[in-house]
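Dumped work23.cif below, it's mmCIF, C-alpha atoms and all ligand atoms:
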```cif
data_upload
#
loop_
_atom_site.group_PDB
_atom_site.id
_atom_site.type_symbol
_atom_site.label_atom_id
_atom_site.label_comp_id
_atom_site.auth_asym_id
_atom_site.auth_seq_id
_atom_site.Cartn_x
_atom_site.Cartn_y
_atom_site.Cartn_z
ATOM 1 C CA MET Q 1 110.173 211.147 120.316
ATOM 2 C CA VAL Q 2 112.536 213.654 121.897
ATOM 3 C CA LYS Q 3 116.159 213.312 120.841
ATOM 4 C CA LYS Q 4 118.366 212.246 123.742
ATOM 5 C CA GLY Q 5 119.928 215.248 125.417
ATOM 6 C CA LYS Q 6 123.474 215.362 126.678
ATOM 7 C CA ILE Q 7 125.966 217.179 128.805
ATOM 8 C CA VAL Q 8 128.386 218.649 126.268
ATOM 9 C CA ALA Q 9 130.791 220.206 128.773
ATOM 10 C CA GLY Q 10 131.503 220.457 132.459
ATOM 11 C CA CYS Q 11 133.410 223.530 133.583
ATOM 12 C CA LEU Q 12 135.166 224.659 136.698
ATOM 13 C CA ALA Q 13 134.004 228.280 136.585
ATOM 14 C CA PRO Q 14 135.073 230.288 139.656
ATOM 15 C CA HIS Q 15 133.147 233.406 140.626
ATOM 16 C CA PRO Q 16 135.381 236.090 142.188
ATOM 17 C CA PRO Q 17 133.476 239.348 141.538
ATOM 18 C CA HIS Q 18 136.851 240.913 140.739
ATOM 19 C CA LEU Q 19 136.772 239.194 137.338
ATOM 20 C CA VAL Q 20 133.554 240.916 136.284
ATOM 21 C CA TYR Q 21 134.819 244.200 137.781
ATOM 22 C CA ALA Q 22 137.979 243.979 135.656
ATOM 23 C CA GLU Q 23 135.977 243.152 132.510
ATOM 24 C CA ASN Q 24 134.059 246.448 132.741
ATOM 25 C CA PRO Q 25 130.765 245.171 131.302
ATOM 26 C CA GLU Q 26 127.970 247.712 130.980
ATOM 27 C CA GLN Q 27 125.916 245.841 133.618
ATOM 28 C CA ASN Q 28 128.435 246.593 136.387
ATOM 29 C CA GLU Q 29 128.576 250.083 137.901
ATOM 30 C CA PRO Q 30 132.202 250.251 139.154
ATOM 31 C CA THR Q 31 134.984 250.425 136.567
ATOM 32 C CA ALA Q 32 138.522 249.035 136.661
ATOM 33 C CA GLU Q 33 141.775 249.789 134.889
ATOM 34 C CA CYS Q 34 142.835 246.162 134.513
ATOM 35 C CA GLY Q 35 143.368 243.084 136.656
ATOM 36 C CA TRP Q 36 143.433 239.270 136.977
ATOM 37 C CA GLU Q 37 144.167 238.890 133.270
ATOM 38 C CA THR Q 38 145.430 235.310 133.429
ATOM 39 C CA LEU Q 39 142.042 234.198 134.705
ATOM 40 C CA ARG Q 40 140.082 236.432 132.378
ATOM 41 C CA TRP Q 41 142.071 235.136 129.407
ATOM 42 C CA GLY Q 42 141.307 231.648 130.702
ATOM 43 C CA TYR Q 43 137.596 232.424 130.577
ATOM 44 C CA GLU Q 44 138.097 233.814 127.074
ATOM 45 C CA ARG Q 45 139.562 230.472 125.994
ATOM 46 C CA LEU Q 46 136.664 228.661 127.669
ATOM 47 C CA ARG Q 47 134.148 230.808 125.792
ATOM 48 C CA LYS Q 48 135.869 230.074 122.467
ATOM 49 C CA SER Q 49 135.785 226.367 123.197
ATOM 50 C CA LEU Q 50 132.120 226.381 124.239
ATOM 51 C CA ALA Q 51 131.157 228.410 121.158
ATOM 52 C CA LYS Q 52 131.953 225.305 119.102
ATOM 53 C CA LYS Q 53 129.617 223.143 121.165
ATOM 54 C CA ASP Q 54 126.284 224.691 120.284
ATOM 55 C CA TYR Q 55 124.706 224.327 123.712
ATOM 56 C CA ASP Q 56 121.173 225.236 124.832
ATOM 57 C CA VAL Q 57 121.463 225.874 128.561
ATOM 58 C CA LEU Q 58 123.925 226.589 131.377
ATOM 59 C CA ILE Q 59 123.346 224.672 134.619
ATOM 60 C CA VAL Q 60 125.126 226.345 137.526
ATOM 61 C CA HIS Q 61 125.588 225.146 141.110
ATOM 62 C CA SER Q 62 126.556 228.008 143.409
ATOM 63 C CA PRO Q 63 128.178 228.044 146.870
ATOM 64 C CA HIS Q 64 126.621 231.467 147.478
ATOM 65 C CA TRP Q 65 123.032 230.412 147.167
ATOM 66 C CA ARG Q 66 123.159 228.544 150.436
ATOM 67 C CA THR Q 67 120.000 226.751 151.453
ATOM 68 C CA GLN Q 68 120.717 225.118 154.779
ATOM 69 C CA MET Q 69 118.170 222.377 154.208
ATOM 70 C CA GLY Q 70 118.140 220.544 150.901
ATOM 71 C CA THR Q 71 118.656 221.632 147.306
ATOM 72 C CA HIS Q 72 116.628 224.445 145.773
ATOM 73 C CA PHE Q 73 116.177 225.372 142.097
ATOM 74 C CA LEU Q 74 115.380 228.742 140.528
ATOM 75 C CA GLY Q 75 111.769 228.310 139.465
ATOM 76 C CA VAL Q 76 110.765 231.621 137.859
ATOM 77 C CA GLU Q 77 111.356 232.327 134.171
ATOM 78 C CA LYS Q 78 112.739 235.877 134.506
ATOM 79 C CA PHE Q 79 114.846 237.530 137.179
ATOM 80 C CA LYS Q 80 115.853 241.169 136.880
ATOM 81 C CA SER Q 81 117.428 243.215 139.646
ATOM 82 C CA LEU Q 82 120.640 244.630 141.082
ATOM 83 C CA SER Q 83 123.154 242.255 142.670
ATOM 84 C CA VAL Q 84 125.552 243.853 145.162
ATOM 85 C CA ASP Q 85 128.372 241.767 146.542
ATOM 86 C CA PRO Q 86 128.090 241.890 150.350
ATOM 87 C CA ILE Q 87 131.881 241.894 150.850
ATOM 88 C CA PHE Q 88 132.873 243.939 147.793
ATOM 89 C CA PRO Q 89 130.106 246.487 147.139
ATOM 90 C CA ASN Q 90 132.871 248.711 145.774
ATOM 91 C CA LEU Q 91 133.544 246.214 142.958
ATOM 92 C CA PHE Q 92 130.278 244.524 142.129
ATOM 93 C CA ARG Q 93 126.972 246.300 141.615
ATOM 94 C CA TYR Q 94 125.640 244.336 138.718
ATOM 95 C CA HIS Q 95 122.326 244.818 136.911
ATOM 96 C CA TYR Q 96 121.218 241.380 135.825
ATOM 97 C CA ASP Q 97 118.388 240.331 133.545
ATOM 98 C CA LEU Q 98 118.325 236.591 133.107
ATOM 99 C CA THR Q 99 116.124 233.787 131.856
ATOM 100 C CA VAL Q 100 115.660 230.444 133.590
ATOM 101 C CA ASP Q 101 114.905 227.151 131.856
ATOM 102 C CA VAL Q 102 112.142 226.321 134.329
ATOM 103 C CA PRO Q 103 111.047 223.032 132.703
ATOM 104 C CA LEU Q 104 114.594 221.649 132.924
ATOM 105 C CA ALA Q 105 114.951 222.919 136.503
ATOM 106 C CA GLU Q 106 111.716 221.140 137.399
ATOM 107 C CA ALA Q 107 112.893 217.966 135.694
ATOM 108 C CA ILE Q 108 116.168 217.915 137.674
ATOM 109 C CA HIS Q 109 114.193 218.724 140.822
ATOM 110 C CA ASP Q 110 111.858 215.782 140.203
ATOM 111 C CA GLU Q 111 114.696 213.355 139.491
ATOM 112 C CA ALA Q 112 116.559 214.485 142.620
ATOM 113 C CA LYS Q 113 113.411 214.128 144.701
ATOM 114 C CA SER Q 114 112.842 210.620 143.408
ATOM 115 C CA LEU Q 115 116.376 209.740 144.588
ATOM 116 C CA GLY Q 116 115.411 210.813 148.092
ATOM 117 C CA LEU Q 117 116.937 214.295 148.231
ATOM 118 C CA VAL Q 118 115.233 217.157 150.056
ATOM 119 C CA THR Q 119 114.281 219.565 147.259
ATOM 120 C CA GLU Q 120 112.349 222.762 146.639
ATOM 121 C CA MET Q 121 111.460 224.928 143.642
ATOM 122 C CA MET Q 122 112.120 228.604 144.417
ATOM 123 C CA ARG Q 123 109.084 230.513 143.100
ATOM 124 C CA ASN Q 124 109.691 233.994 144.539
ATOM 125 C CA SER Q 125 110.076 236.364 141.582
ATOM 126 C CA ASP Q 126 111.596 239.022 143.894
ATOM 127 C CA TYR Q 127 114.394 236.686 144.921
ATOM 128 C CA ARG Q 128 117.817 238.276 144.412
ATOM 129 C CA VAL Q 129 120.025 235.901 142.456
ATOM 130 C CA ASP Q 130 123.380 235.355 144.212
ATOM 131 C CA TYR Q 131 126.628 236.728 142.813
ATOM 132 C CA GLY Q 132 128.189 233.260 142.516
ATOM 133 C CA THR Q 133 125.589 232.292 139.937
ATOM 134 C CA ILE Q 134 125.828 235.653 138.174
ATOM 135 C CA VAL Q 135 129.634 235.872 137.952
ATOM 136 C CA SER Q 136 130.127 232.309 136.667
ATOM 137 C CA CYS Q 137 127.372 232.740 134.079
ATOM 138 C CA HIS Q 138 128.570 236.198 133.003
ATOM 139 C CA MET Q 139 132.168 235.090 132.525
ATOM 140 C CA THR Q 140 131.058 231.991 130.593
ATOM 141 C CA ASN Q 141 128.397 233.693 128.482
ATOM 142 C CA PRO Q 142 128.501 237.503 128.786
ATOM 143 C CA ASP Q 143 125.821 237.844 126.110
ATOM 144 C CA TRP Q 144 123.322 236.096 128.407
ATOM 145 C CA ASP Q 145 121.645 234.726 125.283
ATOM 146 C CA LYS Q 146 121.017 231.288 126.780
ATOM 147 C CA PRO Q 147 118.806 230.327 129.703
ATOM 148 C CA ILE Q 148 120.247 229.013 132.925
ATOM 149 C CA VAL Q 149 119.270 226.509 135.573
ATOM 150 C CA GLY Q 150 120.298 227.734 139.037
ATOM 151 C CA ILE Q 151 120.915 225.165 141.769
ATOM 152 C CA SER Q 152 121.564 226.002 145.423
ATOM 153 C CA SER Q 153 124.238 224.533 147.661
ATOM 154 C CA ASN Q 154 123.345 223.291 151.116
ATOM 155 C CA GLY Q 155 124.896 223.276 154.546
ATOM 156 C CA GLY Q 156 125.435 219.523 154.734
ATOM 157 C CA ALA Q 157 129.222 219.756 154.855
ATOM 158 C CA ARG Q 158 129.075 221.853 158.020
ATOM 159 C CA TYR Q 159 125.937 220.455 159.617
ATOM 160 C CA PHE Q 160 127.001 216.830 159.079
ATOM 161 C CA ASN Q 161 130.357 216.438 157.312
ATOM 162 C CA MET Q 162 131.903 216.466 153.844
ATOM 163 C CA ASP Q 163 131.196 212.791 153.262
ATOM 164 C CA VAL Q 164 127.456 213.254 153.821
ATOM 165 C CA MET Q 165 127.430 216.275 151.557
ATOM 166 C CA GLN Q 166 129.423 214.449 148.901
ATOM 167 C CA ALA Q 167 127.035 211.478 148.933
ATOM 168 C CA THR Q 168 124.151 213.907 148.425
ATOM 169 C CA MET Q 169 125.935 215.633 145.553
ATOM 170 C CA MET Q 170 126.590 212.278 143.876
ATOM 171 C CA LYS Q 171 122.836 211.766 143.724
ATOM 172 C CA LEU Q 172 122.214 215.323 142.554
ATOM 173 C CA GLY Q 173 124.739 214.796 139.751
ATOM 174 C CA GLN Q 174 123.021 211.594 138.663
ATOM 175 C CA ALA Q 175 119.644 213.336 138.723
ATOM 176 C CA THR Q 176 121.050 216.193 136.623
ATOM 177 C CA LYS Q 177 122.434 213.818 133.991
ATOM 178 C CA LYS Q 178 119.205 211.842 133.757
ATOM 179 C CA ALA Q 179 117.036 214.959 133.444
ATOM 180 C CA VAL Q 180 119.294 216.491 130.786
ATOM 181 C CA GLU Q 181 119.191 213.301 128.735
ATOM 182 C CA ALA Q 182 115.402 213.156 128.925
ATOM 183 C CA SER Q 183 115.101 216.854 127.990
ATOM 184 C CA GLY Q 184 116.727 216.480 124.565
ATOM 185 C CA LYS Q 185 118.858 219.542 125.350
ATOM 186 C CA ARG Q 186 122.604 220.148 125.148
ATOM 187 C CA ALA Q 187 123.748 221.375 128.554
ATOM 188 C CA VAL Q 188 126.923 222.943 129.906
ATOM 189 C CA LEU Q 189 127.525 222.485 133.636
ATOM 190 C CA LEU Q 190 129.229 225.159 135.734
ATOM 191 C CA SER Q 191 130.851 224.315 139.040
ATOM 192 C CA SER Q 192 131.026 227.817 140.495
ATOM 193 C CA ASN Q 193 133.897 227.667 142.950
ATOM 194 C CA SER Q 194 137.505 228.537 143.709
ATOM 195 C CA LEU Q 195 140.015 225.845 144.684
ATOM 196 C CA SER Q 196 142.036 227.002 147.710
ATOM 197 C CA HIS Q 197 140.067 229.744 149.387
ATOM 198 C CA ARG Q 198 142.114 231.375 152.135
ATOM 199 C CA HIS Q 199 142.067 235.052 151.275
ATOM 200 C CA PHE Q 200 143.565 238.355 152.357
ATOM 201 C CA VAL Q 201 141.577 240.366 154.869
ATOM 202 C CA VAL Q 202 142.840 243.810 153.905
ATOM 203 C CA GLU Q 203 142.176 245.352 150.495
ATOM 204 C CA SER Q 204 144.975 247.217 148.719
ATOM 205 C CA PRO Q 205 144.471 250.933 147.974
ATOM 206 C CA VAL Q 206 144.186 250.212 144.250
ATOM 207 C CA VAL Q 207 142.165 246.997 144.172
ATOM 208 C CA GLU Q 208 143.448 245.934 140.752
ATOM 209 C CA ASP Q 209 147.115 246.521 141.662
ATOM 210 C CA MET Q 210 148.494 243.194 140.466
ATOM 211 C CA SER Q 211 151.860 243.757 142.169
ATOM 212 C CA LEU Q 212 150.047 242.795 145.383
ATOM 213 C CA GLU Q 213 148.196 239.738 144.039
ATOM 214 C CA HIS Q 214 149.604 236.306 144.918
ATOM 215 C CA ILE Q 215 148.609 233.041 146.528
ATOM 216 C CA ASN Q 216 147.797 233.381 150.229
ATOM 217 C CA ASN Q 217 150.333 230.735 151.269
ATOM 218 C CA HIS Q 218 152.483 227.926 149.890
ATOM 219 C CA ASN Q 219 150.344 225.147 151.330
ATOM 220 C CA GLN Q 220 147.372 226.424 149.385
ATOM 221 C CA TYR Q 221 149.405 226.566 146.193
ATOM 222 C CA LEU Q 222 150.617 222.998 146.608
ATOM 223 C CA TRP Q 223 147.032 221.817 147.023
ATOM 224 C CA ASP Q 224 145.875 223.744 143.953
ATOM 225 C CA MET Q 225 148.649 222.287 141.836
ATOM 226 C CA ARG Q 226 147.900 218.782 143.084
ATOM 227 C CA ILE Q 227 144.203 219.020 142.236
ATOM 228 C CA ILE Q 228 144.858 220.572 138.822
ATOM 229 C CA ASP Q 229 147.405 217.853 138.035
ATOM 230 C CA LEU Q 230 144.874 215.140 138.927
ATOM 231 C CA PHE Q 231 142.275 216.789 136.698
ATOM 232 C CA ARG Q 232 144.704 217.149 133.805
ATOM 233 C CA THR Q 233 145.610 213.473 134.020
ATOM 234 C CA GLY Q 234 142.042 212.207 134.247
ATOM 235 C CA LYS Q 235 142.108 211.150 137.895
ATOM 236 C CA CYS Q 236 138.815 212.574 139.126
ATOM 237 C CA GLN Q 237 138.033 209.593 141.335
ATOM 238 C CA GLU Q 238 141.196 210.405 143.285
ATOM 239 C CA VAL Q 239 139.976 213.998 143.687
ATOM 240 C CA MET Q 240 136.673 212.666 145.022
ATOM 241 C CA ASP Q 241 138.584 210.403 147.425
ATOM 242 C CA ILE Q 242 140.623 213.279 148.865
ATOM 243 C CA MET Q 243 137.905 215.961 148.645
ATOM 244 C CA SER Q 244 137.418 216.078 152.416
ATOM 245 C CA ASP Q 245 141.123 216.593 153.114
ATOM 246 C CA PHE Q 246 141.465 219.126 150.300
ATOM 247 C CA THR Q 247 138.446 221.077 151.489
ATOM 248 C CA GLU Q 248 139.655 221.190 155.065
ATOM 249 C CA GLN Q 249 143.364 221.786 154.513
ATOM 250 C CA ALA Q 250 143.067 224.269 151.654
ATOM 251 C CA THR Q 251 139.955 225.941 153.107
ATOM 252 C CA ALA Q 252 138.632 225.118 149.639
ATOM 253 C CA GLU Q 253 135.345 226.437 148.322
ATOM 254 C CA THR Q 254 134.423 222.844 147.462
ATOM 255 C CA ASP Q 255 132.543 222.735 150.782
ATOM 256 C CA GLY Q 256 129.418 223.864 148.913
ATOM 257 C CA GLY Q 257 129.395 220.682 146.842
ATOM 258 C CA SER Q 258 129.519 222.300 143.386
ATOM 259 C CA LEU Q 259 132.557 220.340 142.236
ATOM 260 C CA SER Q 260 131.294 216.996 143.578
ATOM 261 C CA TRP Q 261 127.946 217.588 141.832
ATOM 262 C CA MET Q 262 129.577 218.334 138.501
ATOM 263 C CA LEU Q 263 132.040 215.444 138.605
ATOM 264 C CA SER Q 264 129.173 213.108 139.468
ATOM 265 C CA ALA Q 265 127.042 214.384 136.575
ATOM 266 C CA LEU Q 266 130.007 213.778 134.261
ATOM 267 C CA GLY Q 267 130.318 210.214 135.572
ATOM 268 C CA ILE Q 268 133.590 210.942 137.477
ATOM 269 C CA PRO Q 269 135.768 211.543 134.405
ATOM 270 C CA ASP Q 270 138.767 209.296 133.782
ATOM 271 C CA TYR Q 271 139.880 211.455 130.849
ATOM 272 C CA PRO Q 272 141.955 214.657 130.987
ATOM 273 C CA ALA Q 273 140.425 218.089 131.491
ATOM 274 C CA THR Q 274 141.595 221.187 129.670
ATOM 275 C CA LEU Q 275 143.131 223.865 131.859
ATOM 276 C CA HIS Q 276 142.144 227.223 130.363
ATOM 277 C CA GLY Q 277 143.767 229.307 133.083
ATOM 278 C CA TYR Q 278 144.877 229.552 136.708
ATOM 279 C CA GLY Q 279 145.264 232.636 138.847
ATOM 280 C CA THR Q 280 144.793 234.037 142.314
ATOM 281 C CA VAL Q 281 142.201 236.554 143.465
ATOM 282 C CA ILE Q 282 142.835 238.187 146.843
ATOM 283 C CA GLY Q 283 145.025 235.182 147.586
ATOM 284 C CA THR Q 284 142.548 232.433 146.624
ATOM 285 C CA GLY Q 285 143.400 229.855 143.965
ATOM 286 C CA ASN Q 286 141.182 229.703 140.904
ATOM 287 C CA ALA Q 287 141.253 227.472 137.842
ATOM 288 C CA VAL Q 288 139.106 227.679 134.733
ATOM 289 C CA MET Q 289 138.863 224.111 133.432
ATOM 290 C CA GLU Q 290 136.744 222.145 130.996
ATOM 291 C CA TRP Q 291 135.791 218.512 130.646
ATOM 292 C CA ASP Q 292 134.524 217.276 127.296
ATOM 293 C CA PRO Q 293 132.489 214.122 127.819
ATOM 294 C CA VAL Q 294 131.905 213.810 124.077
ATOM 295 C CA SER Q 295 135.532 213.697 122.903
ATOM 296 C CA ARG Q 296 136.637 212.476 126.364
ATOM 297 C CA GLY Q 297 139.839 214.451 126.259
ATOM 298 C CA ALA Q 298 141.657 217.740 126.458
ATOM 299 C CA ASN Q 299 140.921 220.019 123.522
ATOM 300 C CA ALA Q 300 143.604 222.660 123.950
HETATM 301 FE FE FE X 401 132.795 232.478 146.674
#
```
Here is a file; write its structure as structure tokens.
Ligand SMILES: [Fe+2]
Amino acid sequence: MVKKGKIVAGCLAPHPPHLVYAENPEQNEPTAECGWETLRWGYERLRKSLAKKDYDVLIVHSPHWRTQMGTHFLGVEKFKSLSVDPIFPNLFRYHYDLTVDVPLAEAIHDEAKSLGLVTEMMRNSDYRVDYGTIVSCHMTNPDWDKPIVGISSNGGARYFNMDVMQATMMKLGQATKKAVEASGKRAVLLSSNSLSHRHFVVESPVVEDMSLEHINNHNQYLWDMRIIDLFRTGKCQEVMDIMSDFTEQATAETDGGSLSWMLSALGIPDYPATLHGYGTVIGTGNAVMEWDPVSRGANA
């Protein structure tokens, strides 16, 4: 009999390509002098925390793999290619070589399908993995020594509305939890998104010049602080209740459903999350946070 698997952590793991650029890993062609340290130190703290959890797989839901209809899953064991950010080709030209846990992806797919979701396994080995998936996974596990499960986001929030999308993500979260438990594996979930997402439209001459980095506007900052405070005090149901307003008023990147999916898979936590770091990237608000469903509390 297979030992019952479990979700050992859920993480808010934003994906600005600037973070990988500033890390200067060998996979990325452009090089930086510095930049966005508060967020990169936040990811460093997250990595230290996850290192103690002995996990088998990263499951990432990305706003930048947008399938208009339904939820798709990476369904090929190996992907190797060059990912170029369409907006920031000057910062992100990343050579990736990653492994997918296809059996777990298929299991989540099957559970989601049985709950009535529109689903698809993505079997094209030439598919170019999106930079949202790559950046969140790189910053969480730069050694790439664990397989991933890649899940697409869909256009439900725009085509219908946030409430429809959120209801769908609730089911996807439940399907994820059930499949992980049946797999016997220890999984870490990554919600790959910023909080407030209104950004500058002109790049500074030196991209990593931190004297020019700040939140886009005060309204966005207030929203970010409100959401982080709710997370730190274990009030995730309240975040779910105001997700539509937050997404609309803060132009938040939660419109892809990543955060709703993760909170659902964690059972809508009523325990505090750990804030590993907060910072802005081209004016957007980003938090690196971690929920520990095993200890049910903040660990830092
Ligand atoms: Fe994004």
The PyMOL selection byres (((chain Q and resi 164) around 12) and not hetatm) applied to the shown file, residues as a list of chain:residue names: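 What the PyMOL selection byres (((chain Q and resi 164) around 12) and not hetatm) grabs from the file is Q:Leu117, Q:Asn154, Q:Gly155, Q:Gly156, Q:Ala157, Q:Arg158, Q:Tyr159, Q:Phe160, Q:Asn161, Q:Met162, Q:Asp163, Q:Met165, Q:Gln166, Q:Ala167, Q:Thr168, Q:Met169, Q:Met170, Q:Lys171, Q:Met243, Q:Ser244, Q:Asp255, Q:Gly256, Q:Gly257, Q:Ser260.
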Spatial neighbours of stretch 263-280 of chain Q, max dist 7 Å, all atoms listed in the file, sep filter under 3 positions, as a VMD selection string: chain Q and resid 38 to 39 42 to 43 45 to 46 170 173 to 174 176 to 177 213 to 215 231 to 237 259 to 260 283 to 291 293 296 to 300
Explicit residue set for the PyMOL selection byres (((chain Q and resi 192-209) around 9) and not hetatm), as JSON, numbers by chain: {"Q": [11, 12, 13, 14, 15, 16, 18, 22, 32, 33, 34, 35, 36, 60, 61, 62, 63, 91, 132, 133, 135, 136, 137, 190, 191, 210, 211, 212, 213, 215, 216, 217, 220, 221, 223, 224, 227, 246, 247, 249, 250, 251, 252, 253, 254, 256, 258, 259, 281, 282, 283, 284, 285, 286, 287]}
Expansion of the PyMOL selection byres (((chain Q and resi 86) around 12) and not hetatm) into residues, as a list in words: Pro17, His64, Ser83, Val84, Asp85, Ile87, Phe88, Pro89, Asn90, Leu91, Phe92, Arg93, Asp130, Tyr131 and Gly132 of chain Q
Using C-alpha atoms, can you export the residues from the last selection as a PDB file, in the frame of the given file?
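Result saved to again.pdb:
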```pdb
ATOM      1  CA  PRO Q  17     133.476 239.348 141.538  1.00  0.00           C
ATOM      2  CA  HIS Q  64     126.621 231.467 147.478  1.00  0.00           C
ATOM      3  CA  SER Q  83     123.154 242.255 142.670  1.00  0.00           C
ATOM      4  CA  VAL Q  84     125.552 243.853 145.162  1.00  0.00           C
ATOM      5  CA  ASP Q  85     128.372 241.767 146.542  1.00  0.00           C
ATOM      6  CA  ILE Q  87     131.881 241.894 150.850  1.00  0.00           C
ATOM      7  CA  PHE Q  88     132.873 243.939 147.793  1.00  0.00           C
ATOM      8  CA  PRO Q  89     130.106 246.487 147.139  1.00  0.00           C
ATOM      9  CA  ASN Q  90     132.871 248.711 145.774  1.00  0.00           C
ATOM     10  CA  LEU Q  91     133.544 246.214 142.958  1.00  0.00           C
ATOM     11  CA  PHE Q  92     130.278 244.524 142.129  1.00  0.00           C
ATOM     12  CA  ARG Q  93     126.972 246.300 141.615  1.00  0.00           C
ATOM     13  CA  ASP Q 130     123.380 235.355 144.212  1.00  0.00           C
ATOM     14  CA  TYR Q 131     126.628 236.728 142.813  1.00  0.00           C
ATOM     15  CA  GLY Q 132     128.189 233.260 142.516  1.00  0.00           C
TER      16      GLY Q 132
END
```
Minimum-distance residue to ligand FE 401 (chain X), chosen among Q:Ala112, Q:Met121, Q:Val76, Q:Ile134 (using all atoms listed in the file): Q:Ile134
Distance of atom CA of Q:Val102 from atom CA of Q:Thr140, expressed in Å to one decimal place: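 We find that atom CA of Q:Thr140 and atom CA of Q:Val102 lie 20.1 Å from each other.
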Coordinates-based distance that separates atom CA of Q:Lys113 from atom CA of Q:Thr67 (Å, one decimal): 15.8 Å
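Closest approach to ligand FE 401 (chain X) among Q:Arg66, Q:Glu181, Q:Gly5, Q:Gly150: Q:Arg66, based on all atoms listed in the file.
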